[in-house]
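Quick look at protein18.csv (CSV, C-alpha atoms and all ligand atoms):
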```csv
chain,number,residue,atom,x,y,z
R,108,MET,CA,29.0,-27.5,-132.4
R,109,GLU,CA,29.8,-23.9,-133.0
R,110,ASP,CA,28.8,-21.5,-130.2
R,111,ASP,CA,27.5,-18.1,-131.3
R,112,ALA,CA,26.9,-16.6,-127.8
R,113,ARG,CA,29.4,-13.8,-128.4
R,114,PRO,CA,29.6,-11.4,-125.4
R,115,GLU,CA,28.9,-7.8,-126.3
R,116,ALA,CA,32.0,-6.1,-124.8
R,117,ALA,CA,35.6,-7.0,-125.2
R,118,ARG,CA,38.3,-7.5,-122.6
R,119,LEU,CA,41.6,-9.1,-122.3
R,120,THR,CA,41.6,-12.5,-120.6
R,121,VAL,CA,44.8,-14.4,-119.6
R,122,LEU,CA,44.7,-18.2,-119.3
R,123,SER,CA,47.6,-19.5,-117.3
R,124,GLY,CA,48.4,-22.5,-115.1
R,125,PRO,CA,51.0,-25.1,-114.6
R,126,SER,CA,52.6,-26.8,-117.6
R,127,GLY,CA,50.8,-30.0,-118.4
R,128,VAL,CA,47.4,-28.9,-116.9
R,129,GLY,CA,45.8,-29.0,-120.4
R,130,LYS,CA,45.8,-25.4,-121.5
R,131,ASP,CA,46.5,-26.4,-125.1
R,132,SER,CA,43.5,-28.9,-125.1
R,133,VAL,CA,41.2,-26.2,-123.7
R,134,ILE,CA,42.5,-23.7,-126.3
R,135,GLU,CA,42.1,-26.2,-129.2
R,136,LEU,CA,38.4,-26.8,-128.2
R,137,ILE,CA,37.8,-23.1,-128.1
R,138,ARG,CA,39.4,-22.7,-131.5
R,139,ALA,CA,37.0,-25.3,-132.9
R,140,ARG,CA,33.8,-24.3,-131.1
R,141,SER,CA,34.1,-20.6,-130.5
R,142,PRO,CA,35.9,-19.2,-133.5
R,143,TRP,CA,34.9,-15.6,-132.6
R,144,VAL,CA,37.4,-15.7,-129.7
R,145,TRP,CA,40.6,-14.2,-130.9
R,146,LEU,CA,43.6,-16.1,-129.7
R,147,SER,CA,46.9,-14.3,-129.5
R,148,VAL,CA,49.7,-16.1,-131.3
R,149,SER,CA,52.9,-15.9,-129.3
R,150,ALA,CA,56.5,-15.8,-130.7
R,151,THR,CA,58.8,-18.4,-129.4
R,152,THR,CA,62.4,-19.6,-129.8
R,153,ARG,CA,61.4,-23.2,-129.0
R,154,LYS,CA,61.7,-25.9,-131.7
R,155,MET,CA,58.4,-26.6,-133.5
R,156,ARG,CA,56.7,-29.8,-132.5
R,157,ASP,CA,55.4,-32.2,-135.2
R,158,TYR,CA,51.7,-31.2,-134.9
R,159,GLU,CA,52.4,-27.4,-134.8
R,160,VAL,CA,51.9,-25.0,-137.6
R,161,ASP,CA,54.0,-21.8,-137.8
R,162,GLY,CA,51.7,-18.7,-137.5
R,163,VAL,CA,48.9,-20.8,-135.9
R,164,HIS,CA,50.3,-22.2,-132.7
R,165,TYR,CA,53.3,-19.9,-132.5
R,166,PHE,CA,55.5,-17.7,-134.6
R,167,PHE,CA,58.7,-19.7,-134.5
R,168,VAL,CA,61.7,-17.3,-134.5
R,169,ASP,CA,65.4,-17.6,-133.7
R,170,ARG,CA,66.9,-15.9,-130.7
R,171,PRO,CA,68.4,-12.9,-132.5
R,172,GLU,CA,65.0,-12.2,-134.0
R,173,PHE,CA,63.3,-12.5,-130.6
R,174,GLU,CA,65.9,-10.2,-129.1
R,175,ARG,CA,65.3,-7.7,-131.8
R,176,MET,CA,61.6,-7.8,-131.1
R,177,ILE,CA,62.3,-7.1,-127.4
R,178,ALA,CA,64.6,-4.2,-128.2
R,179,THR,CA,62.0,-2.6,-130.5
R,180,GLY,CA,59.2,-2.9,-127.9
R,181,GLN,CA,57.1,-5.3,-129.8
R,182,PHE,CA,56.1,-7.5,-126.9
R,183,LEU,CA,53.3,-6.8,-124.4
R,184,GLU,CA,55.1,-9.3,-122.2
R,185,TRP,CA,57.8,-11.9,-122.6
R,186,ALA,CA,59.4,-14.6,-120.5
R,187,GLU,CA,62.0,-17.3,-120.5
R,188,PHE,CA,60.5,-20.8,-119.9
R,189,ALA,CA,62.5,-24.0,-119.7
R,190,GLY,CA,65.4,-22.4,-121.7
R,191,ASN,CA,63.2,-20.9,-124.5
R,192,LEU,CA,61.8,-17.4,-125.0
R,193,TYR,CA,58.1,-16.8,-125.4
R,194,GLY,CA,56.4,-13.4,-126.0
R,195,THR,CA,53.0,-11.9,-126.8
R,196,PRO,CA,53.2,-9.5,-129.8
R,197,ARG,CA,51.7,-6.2,-128.6
R,198,GLY,CA,50.3,-4.8,-131.8
R,199,PRO,CA,47.6,-7.4,-132.7
R,200,VAL,CA,46.3,-7.6,-129.1
R,201,GLU,CA,45.9,-3.8,-128.9
R,202,ASP,CA,44.2,-3.7,-132.4
R,203,LYS,CA,41.7,-6.4,-131.4
R,204,LEU,CA,40.8,-4.8,-128.1
R,205,ARG,CA,40.3,-1.5,-129.9
R,206,SER,CA,38.0,-3.1,-132.4
R,207,GLY,CA,35.9,-4.6,-129.6
R,208,GLU,CA,36.9,-8.3,-129.9
R,209,PRO,CA,37.5,-10.4,-126.8
R,210,VAL,CA,41.2,-11.4,-126.6
R,211,LEU,CA,42.5,-14.6,-125.0
R,212,LEU,CA,46.2,-15.1,-124.1
R,213,LYS,CA,47.6,-18.4,-123.1
R,214,ILE,CA,50.8,-17.6,-121.3
R,215,ASP,CA,52.9,-18.6,-118.3
R,216,LEU,CA,52.8,-17.1,-114.8
R,217,GLN,CA,55.6,-14.7,-115.4
R,218,GLY,CA,53.7,-13.3,-118.4
R,219,ALA,CA,50.4,-13.2,-116.5
R,220,ARG,CA,52.1,-11.0,-113.8
R,221,GLN,CA,53.5,-8.7,-116.5
R,222,VAL,CA,50.0,-8.4,-118.1
R,223,ARG,CA,48.5,-7.6,-114.6
R,224,ALA,CA,51.0,-4.8,-114.2
R,225,ALA,CA,50.5,-3.4,-117.7
R,226,MET,CA,46.8,-3.8,-117.9
R,227,PRO,CA,45.1,-3.9,-114.4
R,228,ASP,CA,41.7,-4.5,-116.0
R,229,ALA,CA,42.8,-7.8,-117.5
R,230,GLN,CA,41.0,-10.9,-116.2
R,231,LEU,CA,43.5,-13.6,-115.0
R,232,VAL,CA,42.2,-17.1,-115.1
R,233,PHE,CA,44.1,-20.0,-113.5
R,234,LEU,CA,43.6,-23.4,-115.0
R,235,ALA,CA,44.0,-25.9,-112.2
R,236,PRO,CA,44.4,-29.7,-112.4
R,237,PRO,CA,41.9,-31.9,-110.7
R,238,SER,CA,44.7,-32.9,-108.3
R,239,VAL,CA,48.5,-32.3,-108.0
R,240,GLU,CA,49.1,-36.1,-108.5
R,241,GLU,CA,47.2,-36.1,-111.7
R,242,LEU,CA,49.2,-33.1,-113.0
R,243,LYS,CA,52.6,-34.8,-112.2
R,244,ARG,CA,51.4,-38.0,-114.0
R,245,ARG,CA,50.6,-36.0,-117.1
R,246,LEU,CA,53.9,-34.1,-117.1
R,247,ILE,CA,56.0,-37.3,-116.9
R,248,GLY,CA,53.8,-39.1,-119.4
R,249,ARG,CA,53.7,-36.5,-122.1
R,250,GLY,CA,56.6,-38.1,-124.1
R,251,THR,CA,57.6,-35.0,-126.0
R,252,ASP,CA,60.5,-33.9,-123.9
R,253,ASP,CA,63.8,-35.2,-122.5
R,254,GLU,CA,64.4,-36.0,-118.8
R,255,GLU,CA,66.0,-32.6,-118.0
R,256,THR,CA,63.1,-30.7,-119.5
R,257,ILE,CA,60.6,-32.8,-117.5
R,258,ARG,CA,62.5,-32.1,-114.3
R,259,ARG,CA,62.5,-28.4,-115.0
R,260,ARG,CA,58.8,-28.5,-115.8
R,261,LEU,CA,58.0,-30.3,-112.5
R,262,VAL,CA,59.9,-27.6,-110.5
R,263,HIS,CA,58.1,-24.9,-112.5
R,264,ALA,CA,54.7,-26.6,-112.0
R,265,ASP,CA,55.1,-26.4,-108.2
R,266,GLU,CA,55.8,-22.7,-108.4
R,267,GLU,CA,52.8,-22.2,-110.7
R,268,LEU,CA,50.4,-24.2,-108.4
R,269,ALA,CA,51.4,-21.9,-105.5
R,270,ALA,CA,50.5,-18.8,-107.6
R,271,GLU,CA,46.8,-19.7,-107.9
R,272,ARG,CA,45.8,-17.0,-105.3
R,273,GLU,CA,47.1,-14.2,-107.5
R,274,PHE,CA,44.4,-15.0,-110.1
R,275,ASP,CA,40.9,-13.6,-110.3
R,276,VAL,CA,39.2,-16.9,-111.2
R,277,THR,CA,40.1,-20.6,-111.0
R,278,VAL,CA,38.8,-23.1,-113.6
R,279,VAL,CA,39.4,-26.7,-112.8
R,280,ASN,CA,40.3,-28.8,-115.9
R,281,ASP,CA,38.4,-31.9,-114.8
R,282,TYR,CA,36.7,-32.3,-118.2
R,283,VAL,CA,38.1,-30.3,-121.1
R,284,GLU,CA,34.7,-29.5,-122.6
R,285,ARG,CA,33.4,-28.2,-119.3
R,286,ALA,CA,36.5,-26.2,-118.6
R,287,ALA,CA,36.4,-24.6,-122.2
R,288,ASP,CA,32.7,-23.7,-121.7
R,289,GLU,CA,33.5,-22.0,-118.4
R,290,LEU,CA,36.4,-20.1,-119.8
R,291,VAL,CA,34.4,-18.9,-122.8
R,292,SER,CA,31.6,-17.7,-120.5
R,293,LEU,CA,34.2,-15.7,-118.5
R,294,LEU,CA,35.4,-13.8,-121.5
R,295,GLY,CA,32.9,-11.0,-121.3
R,296,SER,CA,31.7,-11.5,-117.7
R,297,SER,CA,32.6,-8.1,-116.3
R,298,PHE,CA,30.4,-6.5,-118.9
R,299,LEU,CA,27.3,-8.4,-118.1
R,300,ALA,CA,27.3,-10.4,-121.2
R,301,PRO,CA,23.7,-11.4,-122.3
R,302,ALA,CA,22.6,-14.8,-121.1
R,303,ARG,CA,22.9,-17.5,-123.7
R,304,PRO,CA,19.7,-18.7,-125.2
R,305,GLY,CA,18.3,-21.5,-123.1
R,306,SER,CA,20.7,-21.0,-120.2
R,307,GLN,CA,19.6,-20.7,-116.6
R,308,SER,CA,21.1,-18.5,-114.0
U,1,LIG,P1,55.0,-24.9,-124.7
U,1,LIG,O1,56.4,-24.9,-125.0
U,1,LIG,O2,54.5,-26.1,-123.9
U,1,LIG,O3,54.1,-24.6,-125.9
U,1,LIG,O4,54.7,-23.7,-123.7
U,1,LIG,C1,55.5,-23.6,-122.5
U,1,LIG,C2,54.9,-22.5,-121.6
U,1,LIG,O5,55.0,-21.2,-122.2
U,1,LIG,C3,53.4,-22.7,-121.3
U,1,LIG,O6,53.1,-22.4,-120.0
U,1,LIG,C4,52.8,-21.6,-122.2
U,1,LIG,O7,51.5,-21.1,-121.7
U,1,LIG,C5,53.8,-20.5,-122.1
U,1,LIG,N1,53.7,-19.5,-123.1
U,1,LIG,C6,53.3,-19.6,-124.4
U,1,LIG,N2,53.3,-18.5,-125.0
U,1,LIG,C7,53.7,-17.5,-124.1
U,1,LIG,C8,53.9,-16.1,-124.2
U,1,LIG,O8,53.7,-15.4,-125.2
U,1,LIG,N3,54.4,-15.5,-123.1
U,1,LIG,C9,54.6,-16.2,-121.9
U,1,LIG,N4,55.0,-15.5,-120.9
U,1,LIG,N5,54.4,-17.5,-121.8
U,1,LIG,C10,54.0,-18.2,-122.9
```

I need this file expressed as structure tokens, please.
Ligand code: 5GP
Amino acid sequence: MEDDARPEAARLTVLSGPSGVGKDSVIELIRARSPWVWLSVSATTRKMRDYEVDGVHYFFVDRPEFERMIATGQFLEWAEFAGNLYGTPRGPVEDKLRSGEPVLLKIDLQGARQVRAAMPDAQLVFLAPPSVEELKRRLIGRGTDDEETIRRRLVHADEELAAEREFDVTVVNDYVERAADELVSLLGSSFLAPARPGSQS
């Protein structure tokens, strides 16, 4: 069901957390149920997966093009993750915030730290797994990557789990619907967003 409880004021919210925690599932649900939430589309040099659409999930670019974008200051933040480059195009994010729309970025920890430094008012949300064991099971079972990539993801996940304390809020991804609702309710929280019709506080 579409949710029309749009907060009144806009801010930048960053969703981060270990690889495999389910950020993509939470984001897909928000895309479907809360289309007023503007999701930044990152650029990446990673190969496109079967289910992905260029310009929707990512802008798929080659390394020279990505490097040109770095050199011309087009990224709000960028990072190398598991051998690929990922970055948030700066212009669209700034335009949306100026026009008063809440902005949601789904990025890795290095990117979250860069956003914190560049925009101290940004809200950093850590998506946590129900348990570490569950996260490791999900990472190994994903089936989209080779062994070396999985090994690198496990190492990276340990580092990212340890970073939880740097974040403003933790949302536990126990049930994806619940986690998505909690994230959407956080998007305008520092501006005292009006209560949703029928909600209790
Ligand atoms: P995947 O390849 O699985 O789509 O993403 C790998 C990691 O890169 C995830 O943790 C994802 O959140 C992160 N990521 C995606 N886009 C960006 C971005 O623009 N900047 C940064 N720093 N990380 C990103």

What separation in Å, quoted to one decimal, exists between atom CA of R:Ala264 and atom CA of R:Pro125?
4.8 Å

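Listed by chain and then residue number, the contacts of ligand LIG 1 (chain U) are R:Ser126, R:Ser149, R:Trp185, R:Ala186, R:Phe188, R:Tyr193, R:Gly194, R:Thr195, R:Lys213, R:Ile214, R:Asp215, R:Gln217, R:Gly218 (distance at most 6 Å, using only C-alpha atoms and all ligand atoms).
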
Residues around (55.1, -6.9, -124.1), cut-off 12 Å, counting all atoms listed in the file - what are they as an NGL selection string?
:R and (149-150 or 173 or 176-186 or 193-201 or 214 or 217-226)

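Atom CA of R:Ile137 is found 12.3 Å from atom CA of R:Val210.
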
Please identify all polymer residues within 12 Å of R:Asp161, counting all atoms listed in the file, omitting same-chain residues fewer than 5 positions from it, and present them as a ChimeraX atom specification.
/R:148-156,166-168

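Distances here use all atoms listed in the file; by that measure, the residue among R:Asp275, R:Asp169, R:Glu174, R:Glu284 closest to R:Val121 is R:Asp275.
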
Within 7 Å of stretch 228-235 of chain R using all atoms listed in the file, minus same-chain residues under 4 positions, as JSON, numbers by chain
{"R": [118, 119, 120, 121, 122, 123, 124, 128, 223, 271, 274, 275, 276, 277, 278, 279, 280]}
